[in-house]
Amino acid sequence: MTLGIILVAAVLGAPMFAVFAALAWHVYAQDGLAPALILNELNRLATLPMLRAMPLFALGGYLLAESRAPERLLRVTRAAFGWLPGGLAMVAIAATTLFTAFTGASGVTIVALGGLLLPALQRGGYGESFSLGAITTGGNLGVLIVPSLPLILYGIIAGPVSSEVTIERLIRASLGPALLGLFLLFTFSALRARRHAVPRAQFDARELWAALWEARWELPLPILLLAGIYSGRLVLSDAAAVTAAYAWVVETLILREVRWNDLARIVREAMILVGGVLIILGMGMAITNWLVDQEIPQRLLALVQGRVHTRVGFLIILNLFLLAVGCAMDIYTAIVVLVPLLIPLGQAYEIHPVHLGVITLTNLAIGYSTPPVGMNLFIAALRFQQPLLRLARASLPWIAWLLILLIIVTYIPGLSLAGT
C-alpha cells in the first residue's frame, strides 16, 4: 500500500527528492532496519571531498545566467562562425552546449537562450522546425563537458563501485566524444544550410574584435578551467571555487550586471537545485546499500548473463534501455539509481567503467530530447508555445546525428579511453 502511494505521488509530479526519501524510508522499515542508517548516508555524503564542487559550479552557472553573459557569448560565436555555411546554427549549438556545461541542465539553457536564439535563427533564413530542433536538442552535449554537474555526479557515484573511475578521468574521457558530437551537429547544420541556400553573413574582423572585447571578462573562464583541469594544476574543487569566485567578481563587482540585492535570490535558487540533487544522491545511496544487501546486483547479473551472451548484444540492449530511461527520468535520478547496477554488468562484459560512464552520459543526454516524453520537449513546448508533437518532429533529425555519435562512442572505446 505504502509503495503504491509513493508511485502515485511520483506520477503526479511530486519532487524526486521527496519520492526517493519516502522510498528509502519504506524499504528500510519493511526490512526492520533503523531509519538512522539512512541519515548516516547523508552524513557520509557530506564528507566526500569532491562534493564541494557541485554547489560552487552551480552558483557560478547561475551568476552567469543572471547577467548579460549569454548575449555576449552569442555575439562572439556569431562573429566567429556566422560566415560559415550553417554558421548561425553552429552559433546556436556552441552557445547552448557551453551554457549547459555551466548550468548542468539543458532545460535551463532553453529557457535562458531560447528567446535570443529562435528569432535570430529565423531571421537568418532557417526554417522554424530546424530552429526549434537546434535549440531543443543542440545543447545536450554540454552534459559531457566540465563543469557539468551530471559528469561530476557520475564520478561521485561510480567511484566507490570501481576504483578505476575518478572524476578527472571522466573529464578527460568525455572531451573527445563531446567534440566529435559538436562536429557532427556542425556538419548537419552546414549540409542543411547548403541544401536550402541559407544566406551567409560576411566575415567582419572588426565585429569579431568588438565581440571579443565586449566578452573579455567571461571568455577567460572556460579557457582557465579547461587548461587548469587538463594540465593537472587545478583539482575539481579548486576549479569550482575559481568558477564561483570569478563569476561573482566579474558580474557583480566589475560589470555590475548582477545587483547585490539579487545575490541572495541567486544563491537560493542555485542551492535549491543542488540541495535537491544531494537529497536524491543520499537517498539513492541508501537504496543502493539496501539493493546490495538484498543481492539484487548479483541476481540482475545472473539474469542478464543467462540471456545475453555477447558484448555487442549487451551494448545494444544497454543503449536502448538508457535512451528509454533518459527520456522518462531526470539525469540526476537516473545516474544515482542505475550506475551502481550498471558498472558490475559492464565489467562482466569487459567494458571499462570509464567508457561505460561516457556511454551512459551520452545516452542520457540524448534522452533529454527523445520523444515521446523527453524533458526538453516539454520545456521547449512551454517556452515557445508550440505543440509537443511539432517539437518532437523538429528534434528527430538532430537526434539521428546524435545517435551516430552514440554508435561511435559505444563501439570505439579508444575515443573515450585514449586520454585517460
# chains A, B, ... in the order shown; residues from 1 in each chain; ligands from 1

call {"tool": "residues_around", "arguments": {"residues": "Glu269 in chain A", "least_positions_apart": "3", "cutoff": "12 Å", "atoms": "only C-alpha atoms", "output": "list of chain:residue names"}}
result
A:Pro55, A:Ala58, A:Leu59, A:Gly60, A:Gly61, A:Tyr62, A:Leu63, A:Ala65, A:Glu66, A:Thr103, A:Asp262, A:Leu263, A:Ala264, A:Arg265, A:Ile266, A:Ile272, A:Leu273, A:Val274, A:Gly275, A:Gly276

call {"tool": "closest_residue", "arguments": {"among": "A:Met54, A:Ala36, A:Leu338, A:Ala94", "to": "Ala158 in chain A", "atoms": "only C-alpha atoms"}}
result
A:Leu338

call {"tool": "residues_around", "arguments": {"residues": "Thr370 in chain A", "least_positions_apart": "2", "cutoff": "9 Å", "atoms": "only C-alpha atoms", "output": "JSON, numbers by chain"}}
result
{"A": [137, 323, 324, 326, 327, 366, 367, 368, 372, 373, 374, 375, 376, 377, 392, 395, 396, 399]}

call {"tool": "atom_distance", "arguments": {"atom1": "CA of Arg311 in chain A", "atom2": "CA of Tyr349 in chain A"}}
result
5.5 Å

call {"tool": "select_by_dssp", "arguments": {"residues": "range 217-388 of chain A", "states": "alpha helix (DSSP H)", "output": "count of residues only"}}
result
133

call {"tool": "atom_distance", "arguments": {"atom1": "CA of Tyr28 in chain A", "atom2": "CA of Val339 in chain A"}}
result
20.8 Å

call {"tool": "closest_residue", "arguments": {"among": "A:Leu320, A:Leu121, A:Leu74, A:Leu56", "to": "Trp248 in chain A", "atoms": "only C-alpha atoms"}}
result
A:Leu56

call {"tool": "closest_residue", "arguments": {"among": "A:Pro147, A:Leu219, A:Ile404, A:Ile171", "to": "Pro70 in chain A", "atoms": "only C-alpha atoms"}}
result
A:Leu219

call {"tool": "atom_distance", "arguments": {"atom1": "CA of Ala201 in chain A", "atom2": "CA of Ala92 in chain A"}}
result
14.9 Å

call {"tool": "closest_residue", "arguments": {"among": "A:Asp204, A:Val242, A:Ser189, A:Thr410", "to": "Gly228 in chain A", "atoms": "only C-alpha atoms"}}
result
A:Val242

call {"tool": "residues_around", "arguments": {"residues": "Thr96 in chain A", "least_positions_apart": "5", "cutoff": "9 Å", "atoms": "only C-alpha atoms", "output": "list of chain:residue names"}}
result
A:Val91, A:Ala101, A:Ser106, A:Thr109, A:Ile110, A:Leu113, A:Ile135, A:Gly138, A:Gly139, A:Asn140, A:Leu141, A:Gly142

call {"tool": "residues_around", "arguments": {"residues": "Val358 in chain A", "least_positions_apart": "4", "cutoff": "9 Å", "atoms": "only C-alpha atoms", "output": "VMD selection string"}}
result
chain A and resid 144 151 170 173 to 174 177 353 to 354 362 to 363 409 to 410 416

call {"tool": "write_last_selection", "arguments": {"atoms": "C-alpha atoms", "output": "tab-separated table (two decimals), in the first residue's frame"}}
result
chain	number	residue	atom	x	y	z
A	144	LEU	CA	29.84	15.79	-21.36
A	151	LEU	CA	29.54	14.40	-15.10
A	170	LEU	CA	35.82	11.03	-16.71
A	173	ALA	CA	37.38	10.69	-21.38
A	174	SER	CA	34.29	12.74	-22.24
A	177	PRO	CA	33.14	12.40	-27.67
A	353	PRO	CA	33.86	1.59	-16.25
A	354	VAL	CA	35.10	4.96	-17.55
A	362	THR	CA	25.76	10.27	-23.88
A	363	ASN	CA	22.58	8.19	-23.77
A	409	VAL	CA	31.26	6.19	-28.69
A	410	THR	CA	29.85	2.75	-27.87
A	416	SER	CA	36.95	7.77	-24.67

call {"tool": "residues_around", "arguments": {"residues": "Gly87 in chain A", "least_positions_apart": "3", "cutoff": "8 Å", "atoms": "only C-alpha atoms", "output": "JSON, numbers by chain"}}
result
{"A": [78, 81, 82, 83, 84, 90, 91, 189, 190, 200]}

call {"tool": "residues_around", "arguments": {"residues": "Gly181 in chain A", "least_positions_apart": "4", "cutoff": "7 Å", "atoms": "only C-alpha atoms", "output": "list of chain:residue names"}}
result
A:Pro177, A:Leu185, A:Leu402, A:Leu405

call {"tool": "closest_residue", "arguments": {"among": "A:Asn319, A:Gln30, A:Ser131, A:Asn261", "to": "Leu361 in chain A", "atoms": "only C-alpha atoms"}}
result
A:Asn319

call {"tool": "closest_residue", "arguments": {"among": "A:Ile6, A:Ile331, A:Ala34, A:Ala120", "to": "Ala18 in chain A", "atoms": "only C-alpha atoms"}}
result
A:Ile6
